[in-house]
file target.cif (mmCIF, C-alpha atoms and all ligand atoms)
data_target
#
loop_
_atom_site.label_atom_id
_atom_site.label_comp_id
_atom_site.auth_asym_id
_atom_site.auth_seq_id
_atom_site.Cartn_x
_atom_site.Cartn_y
_atom_site.Cartn_z
CA MET A 1 -17.80 -0.13 20.04
CA LYS A 2 -15.88 -2.01 17.38
CA LEU A 3 -14.02 0.36 15.08
CA PRO A 4 -15.16 0.23 11.42
CA VAL A 5 -11.58 0.18 10.09
CA ARG A 6 -9.20 -2.42 11.48
CA TYR A 7 -5.63 -3.52 10.84
CA LYS A 8 -3.86 -6.85 11.11
CA ILE A 9 -0.12 -7.35 10.86
CA GLU A 10 0.82 -10.38 8.78
CA ASP A 11 4.60 -10.10 8.80
CA LYS A 12 7.34 -7.81 10.04
CA ASP A 13 10.91 -7.34 8.83
CA GLY A 14 12.70 -4.98 11.17
CA LYS A 15 10.18 -2.16 11.65
CA ALA A 16 8.66 -2.65 8.16
CA ARG A 17 5.18 -4.19 8.22
CA ALA A 18 3.05 -6.18 5.79
CA GLY A 19 -0.59 -6.23 6.82
CA VAL A 20 -4.24 -5.93 5.87
CA ILE A 21 -6.63 -3.06 6.58
CA THR A 22 -10.31 -3.99 6.65
CA THR A 23 -12.83 -1.26 5.75
CA PRO A 24 -16.57 -1.17 5.03
CA HIS A 25 -15.70 -1.34 1.31
CA GLY A 26 -13.19 -4.16 1.45
CA GLU A 27 -9.60 -4.95 2.28
CA ILE A 28 -6.36 -3.10 1.55
CA LYS A 29 -3.05 -4.93 1.55
CA THR A 30 -0.23 -2.86 2.98
CA PRO A 31 2.13 -1.16 2.51
CA VAL A 32 0.03 0.68 -0.05
CA PHE A 33 0.22 3.73 -2.29
CA MET A 34 -3.11 5.60 -2.60
CA PRO A 35 -3.79 7.57 -5.81
CA VAL A 36 -5.31 11.00 -5.15
CA GLY A 37 -8.74 11.69 -6.62
CA THR A 38 -8.94 15.38 -5.81
CA GLN A 39 -12.19 16.24 -7.58
CA ALA A 40 -13.87 12.80 -7.38
CA THR A 41 -11.55 11.54 -10.11
CA VAL A 42 -7.94 10.42 -10.21
CA LYS A 43 -6.93 12.76 -13.02
CA THR A 44 -7.24 11.09 -16.47
CA MET A 45 -7.95 7.63 -14.97
CA SER A 46 -11.20 5.70 -15.35
CA LYS A 47 -12.41 3.32 -12.67
CA GLU A 48 -11.54 0.39 -14.93
CA GLU A 49 -7.99 1.66 -15.31
CA LEU A 50 -7.62 2.15 -11.55
CA LEU A 51 -8.69 -1.45 -11.04
CA ALA A 52 -6.31 -2.62 -13.78
CA ILE A 53 -3.30 -1.00 -12.08
CA GLY A 54 -4.21 -2.72 -8.80
CA SER A 55 -5.44 0.31 -6.89
CA GLU A 56 -7.11 -0.82 -3.64
CA ILE A 57 -7.97 2.59 -2.17
CA ILE A 58 -8.13 6.16 -3.47
CA LEU A 59 -8.37 9.59 -1.87
CA GLY A 60 -11.11 12.20 -2.13
CA ASN A 61 -10.59 15.84 -1.32
CA THR A 62 -12.88 17.52 1.20
CA TYR A 63 -12.01 21.12 0.31
CA HIS A 64 -12.56 20.67 -3.44
CA LEU A 65 -15.69 18.51 -3.14
CA TYR A 66 -17.24 20.92 -0.63
CA LEU A 67 -16.81 23.79 -3.09
CA ARG A 68 -17.75 21.77 -6.19
CA PRO A 69 -20.15 20.03 -6.64
CA ASN A 70 -20.81 20.26 -2.85
CA ASP A 71 -20.96 17.46 -0.29
CA GLU A 72 -24.71 17.76 0.32
CA LEU A 73 -25.39 17.16 -3.36
CA ILE A 74 -23.08 14.13 -3.28
CA ALA A 75 -24.93 12.84 -0.20
CA ARG A 76 -28.28 13.20 -2.01
CA LEU A 77 -26.84 11.19 -4.90
CA GLY A 78 -25.90 8.34 -2.57
CA GLY A 79 -22.41 9.33 -1.39
CA LEU A 80 -19.00 9.58 -3.00
CA HIS A 81 -18.61 5.86 -3.82
CA LYS A 82 -21.83 5.81 -5.80
CA PHE A 83 -21.28 9.25 -7.33
CA MET A 84 -17.93 8.26 -8.86
CA ASN A 85 -18.76 4.56 -9.38
CA TRP A 86 -15.95 3.35 -7.11
CA ASP A 87 -16.96 0.60 -4.72
CA LYS A 88 -13.59 0.06 -3.06
CA PRO A 89 -12.26 2.00 -0.06
CA ILE A 90 -12.01 5.80 -0.12
CA LEU A 91 -10.10 8.02 2.30
CA THR A 92 -11.03 11.69 2.52
CA ASP A 93 -8.66 14.34 3.81
CA SER A 94 -10.04 16.96 6.19
CA GLY A 95 -9.62 19.95 3.89
CA GLY A 96 -7.19 21.45 6.38
CA PHE A 97 -4.10 21.22 4.22
CA GLN A 98 -5.78 22.94 1.23
CA VAL A 99 -7.29 25.66 3.39
CA PHE A 100 -3.97 26.37 5.11
CA SER A 101 -2.24 26.43 1.73
CA LEU A 102 -4.44 29.35 0.68
CA GLY A 103 -2.04 31.73 2.45
CA SER A 104 -3.45 35.26 2.55
CA LEU A 105 -6.90 33.98 1.54
CA ARG A 106 -7.44 32.40 4.97
CA LYS A 107 -7.61 33.33 8.64
CA ILE A 108 -7.09 30.81 11.45
CA LYS A 109 -9.21 31.25 14.59
CA GLU A 110 -9.92 28.99 17.56
CA GLU A 111 -13.37 28.21 16.14
CA GLY A 112 -12.01 27.23 12.73
CA VAL A 113 -10.67 28.71 9.51
CA TYR A 114 -12.26 31.50 7.48
CA PHE A 115 -11.24 31.47 3.84
CA SER A 116 -12.04 32.71 0.36
CA SER A 117 -12.61 30.16 -2.38
CA HIS A 118 -9.74 29.88 -4.87
CA ILE A 119 -12.39 29.62 -7.60
CA ASP A 120 -14.56 32.71 -7.21
CA GLY A 121 -13.42 34.43 -4.00
CA SER A 122 -16.65 33.54 -2.16
CA LYS A 123 -16.36 33.48 1.65
CA HIS A 124 -16.43 30.18 3.56
CA PHE A 125 -15.78 28.77 7.01
CA ILE A 126 -14.52 25.30 7.88
CA SER A 127 -14.40 24.20 11.51
CA PRO A 128 -13.55 20.78 12.91
CA GLU A 129 -17.30 20.07 13.09
CA LYS A 130 -17.86 21.24 9.51
CA SER A 131 -14.98 19.16 8.15
CA ILE A 132 -16.37 16.02 9.80
CA GLN A 133 -19.89 16.85 8.59
CA ILE A 134 -18.61 17.16 5.01
CA GLN A 135 -16.72 13.87 5.31
CA ASN A 136 -19.83 12.22 6.81
CA ASN A 137 -21.79 13.44 3.78
CA LEU A 138 -19.16 12.12 1.37
CA GLY A 139 -19.32 8.78 3.18
CA SER A 140 -15.65 7.83 2.86
CA ASP A 141 -14.37 4.72 4.64
CA ILE A 142 -11.66 6.73 6.37
CA ALA A 143 -12.09 10.34 7.50
CA MET A 144 -9.26 12.52 8.75
CA LEU A 145 -9.15 14.87 11.73
CA PHE A 146 -9.21 18.57 10.92
CA ASP A 147 -5.77 19.68 12.06
CA GLU A 148 -3.62 22.75 11.72
CA CYS A 149 -0.75 22.17 9.30
CA PRO A 150 2.18 24.43 10.22
CA PRO A 151 4.48 25.31 7.30
CA GLY A 152 7.66 23.23 6.94
CA LEU A 153 10.53 24.38 9.17
CA SER A 154 8.20 26.25 11.56
CA THR A 155 9.79 27.20 14.87
CA ARG A 156 9.06 25.43 18.15
CA GLU A 157 7.34 28.62 19.34
CA TYR A 158 4.93 28.38 16.43
CA ILE A 159 4.38 24.63 16.65
CA ILE A 160 3.63 24.22 20.38
CA PRO A 161 0.37 26.25 20.44
CA SER A 162 -0.48 24.77 17.04
CA ILE A 163 -0.28 21.21 18.43
CA GLU A 164 -2.42 22.19 21.41
CA ARG A 165 -5.05 23.65 19.10
CA THR A 166 -4.94 20.54 16.92
CA THR A 167 -5.63 18.45 20.05
CA ARG A 168 -8.59 20.65 21.01
CA TRP A 169 -9.86 20.37 17.42
CA ALA A 170 -9.39 16.59 17.56
CA LYS A 171 -11.77 16.40 20.55
CA ARG A 172 -14.33 18.47 18.63
CA CYS A 173 -13.96 16.20 15.57
CA VAL A 174 -14.53 13.09 17.70
CA GLU A 175 -17.66 14.62 19.22
CA ALA A 176 -19.01 15.76 15.84
CA HIS A 177 -18.51 12.38 14.14
CA GLN A 178 -21.95 11.02 13.21
CA LYS A 179 -20.85 7.82 11.48
CA LYS A 180 -18.69 6.18 14.12
CA GLY A 181 -19.92 2.72 13.12
CA SER A 182 -19.27 2.99 9.37
CA GLN A 183 -16.47 5.52 8.93
CA GLY A 184 -13.07 5.21 10.57
CA LEU A 185 -11.39 8.34 11.92
CA PHE A 186 -7.61 8.82 11.71
CA ALA A 187 -5.65 11.05 14.07
CA ILE A 188 -2.89 13.27 12.65
CA VAL A 189 0.37 13.60 14.57
CA GLN A 190 2.04 16.98 14.05
CA GLY A 191 5.18 18.45 15.61
CA GLY A 192 7.41 19.55 12.75
CA ILE A 193 10.98 18.28 12.82
CA TYR A 194 11.21 18.11 16.64
CA GLU A 195 11.15 14.69 18.28
CA ASP A 196 9.78 15.94 21.61
CA LEU A 197 6.97 17.87 19.92
CA ARG A 198 6.03 14.83 17.82
CA GLN A 199 5.87 12.90 21.10
CA LYS A 200 3.73 15.62 22.70
CA SER A 201 1.28 15.52 19.80
CA LEU A 202 1.10 11.72 19.85
CA ASP A 203 0.66 11.62 23.65
CA GLU A 204 -2.22 14.10 23.54
CA LEU A 205 -3.99 12.29 20.70
CA SER A 206 -3.43 8.87 22.30
CA GLU A 207 -5.70 9.91 25.15
CA MET A 208 -8.56 9.61 22.65
CA ASP A 209 -7.16 6.41 21.11
CA GLU A 210 -10.40 4.41 21.39
CA ASN A 211 -11.92 6.77 18.79
CA PHE A 212 -9.18 6.38 16.19
CA SER A 213 -8.90 3.68 13.55
CA GLY A 214 -5.41 4.80 12.57
CA TYR A 215 -2.68 7.40 12.92
CA ALA A 216 -1.31 9.70 10.24
CA ILE A 217 1.97 11.55 10.31
CA GLY A 218 1.29 15.06 8.99
CA GLY A 219 3.54 18.01 8.38
CA LEU A 220 6.35 16.15 6.63
CA ALA A 221 7.45 16.51 3.00
CA VAL A 222 6.49 20.19 3.29
CA GLY A 223 9.87 21.70 2.52
CA GLU A 224 12.13 20.29 5.26
CA PRO A 225 15.36 18.48 4.26
CA ARG A 226 14.93 14.79 3.52
CA GLU A 227 17.21 13.81 6.42
CA ASP A 228 14.87 15.56 8.86
CA MET A 229 11.88 13.68 7.48
CA TYR A 230 13.67 10.33 7.80
CA ARG A 231 14.85 11.17 11.33
CA ILE A 232 11.33 12.05 12.49
CA LEU A 233 9.82 8.97 10.85
CA ASP A 234 12.44 6.76 12.42
CA TYR A 235 11.61 8.28 15.81
CA ILE A 236 7.82 8.57 15.90
CA VAL A 237 6.28 5.87 13.68
CA GLU A 238 7.18 2.94 15.95
CA LYS A 239 5.64 4.80 18.90
CA CYS A 240 2.20 4.89 17.22
CA PRO A 241 -0.11 2.05 18.31
CA GLU A 242 1.18 -1.19 16.79
CA GLU A 243 -2.28 -2.60 16.03
CA LYS A 244 -3.47 0.39 13.96
CA PRO A 245 -2.48 1.51 10.45
CA ARG A 246 0.03 4.35 10.03
CA TYR A 247 -0.33 6.78 7.20
CA LEU A 248 2.34 9.18 5.94
CA MET A 249 0.60 12.09 4.22
CA GLY A 250 1.80 13.61 0.97
CA VAL A 251 4.75 11.38 0.08
CA GLY A 252 5.01 9.81 -3.39
CA GLU A 253 8.69 9.75 -4.32
CA PRO A 254 9.92 6.13 -4.63
CA VAL A 255 13.01 6.50 -2.41
CA ASP A 256 11.09 8.36 0.31
CA MET A 257 8.34 5.75 0.18
CA LEU A 258 10.75 2.87 0.76
CA ASN A 259 12.41 4.71 3.65
CA ALA A 260 8.99 5.39 5.16
CA VAL A 261 8.05 1.71 4.88
CA GLU A 262 11.29 0.85 6.63
CA SER A 263 10.18 3.05 9.55
CA GLY A 264 6.86 1.19 9.81
CA ILE A 265 4.57 3.29 7.59
CA ASP A 266 1.68 1.38 5.96
CA MET A 267 -0.08 3.95 3.75
CA MET A 268 1.01 6.88 1.57
CA ASP A 269 -0.57 9.27 -0.93
CA CYS A 270 0.64 12.06 -3.17
CA VAL A 271 -0.45 14.05 -6.23
CA GLN A 272 3.15 13.90 -7.43
CA PRO A 273 2.99 10.85 -9.77
CA THR A 274 0.09 12.21 -11.79
CA ARG A 275 1.32 15.81 -11.69
CA LEU A 276 4.77 14.77 -12.92
CA ALA A 277 3.13 12.61 -15.57
CA ARG A 278 1.15 15.49 -16.99
CA HIS A 279 4.41 17.41 -17.31
CA GLY A 280 6.01 14.49 -19.13
CA THR A 281 8.18 13.02 -16.35
CA VAL A 282 7.93 9.29 -15.64
CA PHE A 283 9.41 6.95 -13.04
CA THR A 284 11.66 4.12 -14.19
CA LYS A 285 13.83 1.62 -12.31
CA ASP A 286 16.80 3.78 -13.42
CA GLY A 287 15.36 7.04 -12.08
CA ARG A 288 13.13 9.72 -13.52
CA LEU A 289 12.90 10.06 -17.27
CA VAL A 290 11.86 13.32 -18.96
CA ILE A 291 10.03 11.98 -21.97
CA LYS A 292 9.92 15.34 -23.78
CA SER A 293 13.67 15.23 -24.23
CA GLU A 294 15.04 15.21 -27.79
CA ARG A 295 16.95 11.98 -27.09
CA TYR A 296 13.71 9.93 -27.08
CA LYS A 297 12.56 11.21 -30.47
CA GLU A 298 13.26 7.91 -32.24
CA ASP A 299 13.34 5.64 -29.19
CA THR A 300 11.15 2.59 -29.77
CA LYS A 301 11.64 1.22 -26.25
CA PRO A 302 8.83 1.40 -23.63
CA LEU A 303 8.93 4.04 -20.85
CA ASP A 304 10.50 1.45 -18.53
CA GLU A 305 11.83 -1.73 -20.10
CA GLU A 306 11.11 -3.77 -16.98
CA CYS A 307 7.60 -2.45 -16.39
CA ASP A 308 4.77 -4.80 -17.30
CA CYS A 309 1.99 -2.20 -17.32
CA TYR A 310 -0.39 -1.81 -20.24
CA VAL A 311 1.37 1.34 -21.44
CA CYS A 312 4.83 -0.20 -21.43
CA LYS A 313 3.56 -3.30 -23.22
CA ASN A 314 1.97 -1.29 -26.02
CA TYR A 315 3.54 2.12 -26.62
CA SER A 316 7.00 3.50 -27.37
CA ARG A 317 8.86 6.42 -25.83
CA ALA A 318 8.91 8.09 -29.27
CA TYR A 319 5.11 7.92 -29.56
CA ILE A 320 4.43 9.11 -25.99
CA ARG A 321 7.00 11.90 -26.44
CA HIS A 322 5.15 13.02 -29.55
CA LEU A 323 1.76 12.99 -27.78
CA ILE A 324 3.08 15.04 -24.84
CA LYS A 325 4.84 17.50 -27.19
CA VAL A 326 1.65 18.21 -29.14
CA GLN A 327 -0.40 18.17 -25.91
CA GLU A 328 -2.66 15.30 -26.88
CA VAL A 329 -4.84 14.03 -24.02
CA LEU A 330 -3.77 10.42 -24.63
CA GLY A 331 -0.20 11.37 -23.75
CA LEU A 332 -1.28 12.54 -20.28
CA ARG A 333 -3.33 9.40 -19.80
CA LEU A 334 -0.50 7.06 -20.70
CA THR A 335 2.12 8.74 -18.50
CA SER A 336 -0.35 9.00 -15.56
CA TYR A 337 -1.25 5.33 -15.91
CA HIS A 338 2.38 4.23 -15.91
CA ASN A 339 3.44 6.41 -12.97
CA LEU A 340 0.60 5.23 -10.73
CA TYR A 341 1.23 1.64 -11.73
CA PHE A 342 4.92 2.08 -10.91
CA LEU A 343 4.26 3.24 -7.32
CA ILE A 344 1.51 0.71 -6.63
CA LYS A 345 3.77 -2.06 -7.94
CA LEU A 346 6.69 -0.74 -5.87
CA MET A 347 4.60 -1.14 -2.69
CA LYS A 348 3.47 -4.62 -3.76
CA ASP A 349 7.11 -5.61 -4.29
CA ALA A 350 7.99 -4.08 -0.90
CA ARG A 351 5.20 -6.12 0.69
CA ARG A 352 6.56 -9.33 -0.80
CA ALA A 353 10.09 -8.44 0.33
CA ILE A 354 8.85 -7.87 3.91
CA LYS A 355 7.10 -11.24 3.89
CA GLU A 356 10.28 -12.89 2.64
CA LYS A 357 12.40 -11.05 5.24
CA ARG A 358 14.60 -9.33 2.67
CA PHE A 359 13.20 -5.80 2.77
CA LYS A 360 16.48 -4.02 3.54
CA GLU A 361 18.24 -5.70 0.63
CA PHE A 362 15.27 -4.93 -1.66
CA LYS A 363 15.30 -1.27 -0.64
CA GLU A 364 19.05 -0.87 -1.03
CA ASN A 365 19.08 -2.51 -4.47
CA PHE A 366 16.21 -0.36 -5.67
CA ILE A 367 17.78 2.89 -4.46
CA LYS A 368 21.22 2.05 -5.84
CA ARG A 369 19.80 1.66 -9.30
CA TYR A 370 17.22 4.46 -9.07
CA GLU A 371 19.85 6.95 -8.00
CA ASN A 372 22.46 5.57 -10.43
CA LYS A 373 25.01 4.91 -7.71
ZN ZN B 1 4.77 1.02 -17.38
#
call {"tool": "encode", "arguments": {"input": "target.cif", "output": "structure tokens"}}
result
Amino acid sequence: MKLPVRYKIEDKDGKARAGVITTPHGEIKTPVFMPVGTQATVKTMSKEELLAIGSEIILGNTYHLYLRPNDELIARLGGLHKFMNWDKPILTDSGGFQVFSLGSLRKIKEEGVYFSSHIDGSKHFISPEKSIQIQNNLGSDIAMLFDECPPGLSTREYIIPSIERTTRWAKRCVEAHQKKGSQGLFAIVQGGIYEDLRQKSLDELSEMDENFSGYAIGGLAVGEPREDMYRILDYIVEKCPEEKPRYLMGVGEPVDMLNAVESGIDMMDCVQPTRLARHGTVFTKDGRLVIKSERYKEDTKPLDEECDCYVCKNYSRAYIRHLIKVQEVLGLRLTSYHNLYFLIKLMKDARRAIKEKRFKEFKENFIKRYENK
């Protein structure tokens, strides 16, 4: 059967790739940053604003949408696209990461994970089958396998049985998938910071390759040193199938993103840009800027003088600083808008640089300035 999500490489520069992912709700040009819409909304952003910043795909969150308003309700209302009025591609996570992050509120068993809701303490159970059923109900274009996410810097002794369980869960996810023709399924390669364990995880998942529309790299950016993340990416990404998209989960820091692209990553997501924005920190070509700082009190310049987003064309640092200081909602909207625009634009610029075979130079120039070297 033809997979519902497909990928085509257009150009390569070293290991970096520029390509196009085709989904039931349209195309995505890669490399791409995907804003996170945890609760069926990218915080503070309307659909029109997401389109204006050039967003081609967003994420939905299985754990949160299962608890509220519930996936069956969303299915009755026509699915997640219709519910939130977004007719472009959506990727849903499996809920695994959130459930595992609950710490003492959850218990991992072979059959799945028992947990208490962070909202009201009510008892729930998510298994591989349940996660896929929820994602089938949400009707995303890309669903993720329900995997176990070991904490950063876990030992080999912890990770080996965890990988083997993730492989057994992957088989159950594949079997439970009811929308094979309209919803792509991505595998998730685990293995911590150990090359051989990454290889083991990839080898085991590759045996089910005909079921997967893409491969994600999970379990990075979870507390390990940056050098370890880069080393693992450099090792494992090129070993994933060339003709399928590669997704690095949970990375949204500009320098990390460019390094990931250099390793051959096509897709990334992170709550970081909007979370930072709500706390008054914005990305600029010269590094992060903490807008609440006293020094911007009378600064009439835009957040980033080289940014051509709506916010930077219309509002000053002094005004946005004031809004954030007095906790006005518009302040959060403006900083969120700019930060998402910044990362989406960064990936568009990276794409152009790959096509023009000057990615390395582009990356080095960006980092030099961003890190004030
Ligand atoms: Zn801007």
call {"tool": "axis_aligned_box", "arguments": {"input": "target.cif", "around": "stretch 306-314 of chain A", "padding_each_side": "8 Å", "output": "lines of an AutoDock Vina configuration file"}}
result
center_x = 5.4
center_y = -1.7
center_z = -21.2
size_x = 27.5
size_y = 22.1
size_z = 25.6
call {"tool": "closest_atom_pairs", "arguments": {"input": "target.cif", "of": "stretch 107-177 of chain A", "to": "stretch 17-23 of chain A", "cutoff": "12 Å", "atoms": "all atoms listed in the file", "output": "Markdown table"}}
result
| residue | atom | partner | partner_atom | distance |
| --- | --- | --- | --- | --- |
| A:Ser140 | CA | A:Thr23 | CA | 9.9 |
| A:Asp141 | CA | A:Thr23 | CA | 6.3 |
| A:Ile142 | CA | A:Thr23 | CA | 8.1 |
| A:Ala143 | CA | A:Thr23 | CA | 11.8 |
call {"tool": "closest_atom_pairs", "arguments": {"input": "target.cif", "of": "chain A", "to": "ligand ZN 1 (chain B)", "cutoff": "9 Å", "atoms": "only C-alpha atoms and all ligand atoms", "output": "JSON lines"}}
result
{"residue": "A:Phe283", "atom": "CA", "partner": "B:ZN1", "partner_atom": "ZN", "distance": 8.7}
{"residue": "A:Thr284", "atom": "CA", "partner": "B:ZN1", "partner_atom": "ZN", "distance": 8.2}
{"residue": "A:Pro302", "atom": "CA", "partner": "B:ZN1", "partner_atom": "ZN", "distance": 7.5}
{"residue": "A:Leu303", "atom": "CA", "partner": "B:ZN1", "partner_atom": "ZN", "distance": 6.2}
{"residue": "A:Asp304", "atom": "CA", "partner": "B:ZN1", "partner_atom": "ZN", "distance": 5.9}
{"residue": "A:Glu305", "atom": "CA", "partner": "B:ZN1", "partner_atom": "ZN", "distance": 8.1}
{"residue": "A:Glu306", "atom": "CA", "partner": "B:ZN1", "partner_atom": "ZN", "distance": 8.0}
{"residue": "A:Cys307", "atom": "CA", "partner": "B:ZN1", "partner_atom": "ZN", "distance": 4.6}
{"residue": "A:Asp308", "atom": "CA", "partner": "B:ZN1", "partner_atom": "ZN", "distance": 5.8}
{"residue": "A:Cys309", "atom": "CA", "partner": "B:ZN1", "partner_atom": "ZN", "distance": 4.3}
{"residue": "A:Tyr310", "atom": "CA", "partner": "B:ZN1", "partner_atom": "ZN", "distance": 6.5}
{"residue": "A:Val311", "atom": "CA", "partner": "B:ZN1", "partner_atom": "ZN", "distance": 5.3}
{"residue": "A:Cys312", "atom": "CA", "partner": "B:ZN1", "partner_atom": "ZN", "distance": 4.2}
{"residue": "A:Lys313", "atom": "CA", "partner": "B:ZN1", "partner_atom": "ZN", "distance": 7.4}
{"residue": "A:Leu334", "atom": "CA", "partner": "B:ZN1", "partner_atom": "ZN", "distance": 8.7}
{"residue": "A:Thr335", "atom": "CA", "partner": "B:ZN1", "partner_atom": "ZN", "distance": 8.2}
{"residue": "A:Tyr337", "atom": "CA", "partner": "B:ZN1", "partner_atom": "ZN", "distance": 7.5}
{"residue": "A:His338", "atom": "CA", "partner": "B:ZN1", "partner_atom": "ZN", "distance": 4.3}
{"residue": "A:Asn339", "atom": "CA", "partner": "B:ZN1", "partner_atom": "ZN", "distance": 7.1}
{"residue": "A:Leu340", "atom": "CA", "partner": "B:ZN1", "partner_atom": "ZN", "distance": 8.9}
{"residue": "A:Tyr341", "atom": "CA", "partner": "B:ZN1", "partner_atom": "ZN", "distance": 6.7}
{"residue": "A:Phe342", "atom": "CA", "partner": "B:ZN1", "partner_atom": "ZN", "distance": 6.6}
call {"tool": "closest_residue", "arguments": {"input": "target.cif", "among": "A:Ile119, A:Ile126, A:Ala187, A:Ile53", "to": "A:Leu343", "atoms": "only C-alpha atoms"}}
result
A:Ile53
call {"tool": "residues_around", "arguments": {"input": "target.cif", "residues": "A:Ser182", "least_positions_apart": "4", "cutoff": "12 Å", "atoms": "all atoms listed in the file", "output": "list in words"}}
result
Met1, Lys2, Leu3, Pro4, Val5, Arg6, Thr22, Thr23, Pro24, His25, Pro89, Gln135, Asn136, Gly139, Ser140, Asp141, Ile142, Ala143, His177, Gln178 and Ser213 of chain A
call {"tool": "closest_residue", "arguments": {"input": "target.cif", "among": "A:Glu110, A:Ile188, A:Lys239, A:Gln133", "to": "A:Pro161", "atoms": "all atoms listed in the file"}}
result
A:Glu110
call {"tool": "closest_residue", "arguments": {"input": "target.cif", "among": "A:Ile344, A:Ile367, A:Val174, A:Met229", "to": "A:Gly287", "atoms": "all atoms listed in the file"}}
result
A:Ile367
call {"tool": "atom_distance", "arguments": {"input": "target.cif", "atom1": "atom CA of A:Gly54", "atom2": "atom CA of A:Asn85"}}
result
16.3 Å
call {"tool": "atom_distance", "arguments": {"input": "target.cif", "atom1": "atom CA of A:Phe83", "atom2": "atom CA of A:Asp269"}}
result
21.7 Å
call {"tool": "closest_residue", "arguments": {"input": "target.cif", "among": "A:Tyr319, A:Asp87, A:Arg76, A:Val261", "to": "A:Phe362", "atoms": "all atoms listed in the file"}}
result
A:Val261
call {"tool": "residues_near_point", "arguments": {"input": "target.cif", "point": "(-7.3, 14.9, -5.9)", "cutoff": "7 Å", "atoms": "only C-alpha atoms", "output": "PyMOL selection string"}}
result
chain A and resi 36-39+41-42+59-61+271
call {"tool": "residues_around", "arguments": {"input": "target.cif", "residues": "A:Ser122", "least_positions_apart": "4", "cutoff": "12 Å", "atoms": "all atoms listed in the file", "output": "PDB file with C-alpha atoms, in the coordinates of the input"}}
result
ATOM      1  CA  LEU A  67     -16.810  23.790  -3.090  1.00  0.00           C
ATOM      2  CA  LEU A 105      -6.900  33.980   1.540  1.00  0.00           C
ATOM      3  CA  ARG A 106      -7.440  32.400   4.970  1.00  0.00           C
ATOM      4  CA  TYR A 114     -12.260  31.500   7.480  1.00  0.00           C
ATOM      5  CA  PHE A 115     -11.240  31.470   3.840  1.00  0.00           C
ATOM      6  CA  SER A 116     -12.040  32.710   0.360  1.00  0.00           C
ATOM      7  CA  SER A 117     -12.610  30.160  -2.380  1.00  0.00           C
ATOM      8  CA  HIS A 118      -9.740  29.880  -4.870  1.00  0.00           C
TER       9      HIS A 118
END
call {"tool": "atom_distance", "arguments": {"input": "target.cif", "atom1": "atom CA of A:Arg68", "atom2": "atom CA of A:His124"}}
result
12.9 Å
call {"tool": "closest_atom_pairs", "arguments": {"input": "target.cif", "of": "stretch 115-212 of chain A", "to": "stretch 249-252 of chain A", "cutoff": "12 Å", "atoms": "all atoms listed in the file", "output": "tab-separated table"}}
result
residue	atom	partner	partner_atom	distance
A:Met144	CA	A:Met249	CA	10.9
A:Cys149	CA	A:Met249	CA	11.4
A:Phe186	CA	A:Met249	CA	11.6
A:Ala187	CA	A:Met249	CA	11.7
A:Ile188	CA	A:Met249	CA	9.2
A:Val189	CA	A:Met249	CA	10.5
A:Gln190	CA	A:Met249	CA	11.1
call {"tool": "closest_residue", "arguments": {"input": "target.cif", "among": "A:Ile134, A:Pro35, A:Lys88, A:Leu233", "to": "A:Ala75", "atoms": "all atoms listed in the file"}}
result
A:Ile134
call {"tool": "decode", "arguments": {"input": "target.cif", "residues": "stretch 180-204 of chain A", "atoms": "C-alpha atoms", "output": "PDB file, in the first residue's frame"}}
result
ATOM      1  CA  LYS A 180      -3.154   3.401   7.360  1.00  0.00           C
ATOM      2  CA  GLY A 181      -4.335   4.985   4.111  1.00  0.00           C
ATOM      3  CA  SER A 182      -4.869   8.530   5.415  1.00  0.00           C
ATOM      4  CA  GLN A 183      -2.553   8.960   8.393  1.00  0.00           C
ATOM      5  CA  GLY A 184       1.201   8.447   8.240  1.00  0.00           C
ATOM      6  CA  LEU A 185       2.942   6.753  11.160  1.00  0.00           C
ATOM      7  CA  PHE A 186       6.432   7.811  12.289  1.00  0.00           C
ATOM      8  CA  ALA A 187       8.820   5.518  14.137  1.00  0.00           C
ATOM      9  CA  ILE A 188      10.829   6.923  17.061  1.00  0.00           C
ATOM     10  CA  VAL A 189      14.476   5.932  17.427  1.00  0.00           C
ATOM     11  CA  GLN A 190      15.625   5.885  21.059  1.00  0.00           C
ATOM     12  CA  GLY A 191      18.961   4.858  22.579  1.00  0.00           C
ATOM     13  CA  GLY A 192      20.122   7.767  24.708  1.00  0.00           C
ATOM     14  CA  ILE A 193      23.641   9.018  24.060  1.00  0.00           C
ATOM     15  CA  TYR A 194      25.027   5.617  22.980  1.00  0.00           C
ATOM     16  CA  GLU A 195      25.748   5.068  19.292  1.00  0.00           C
ATOM     17  CA  ASP A 196      25.338   1.279  19.421  1.00  0.00           C
ATOM     18  CA  LEU A 197      22.000   1.532  21.236  1.00  0.00           C
ATOM     19  CA  ARG A 198      20.727   4.089  18.709  1.00  0.00           C
ATOM     20  CA  GLN A 199      21.728   1.583  16.022  1.00  0.00           C
ATOM     21  CA  LYS A 200      19.944  -1.239  17.866  1.00  0.00           C
ATOM     22  CA  SER A 201      16.752   0.809  18.101  1.00  0.00           C
ATOM     23  CA  LEU A 202      16.911   1.810  14.427  1.00  0.00           C
ATOM     24  CA  ASP A 203      17.645  -1.779  13.309  1.00  0.00           C
ATOM     25  CA  GLU A 204      14.670  -3.163  15.237  1.00  0.00           C
TER      26      GLU A 204
END
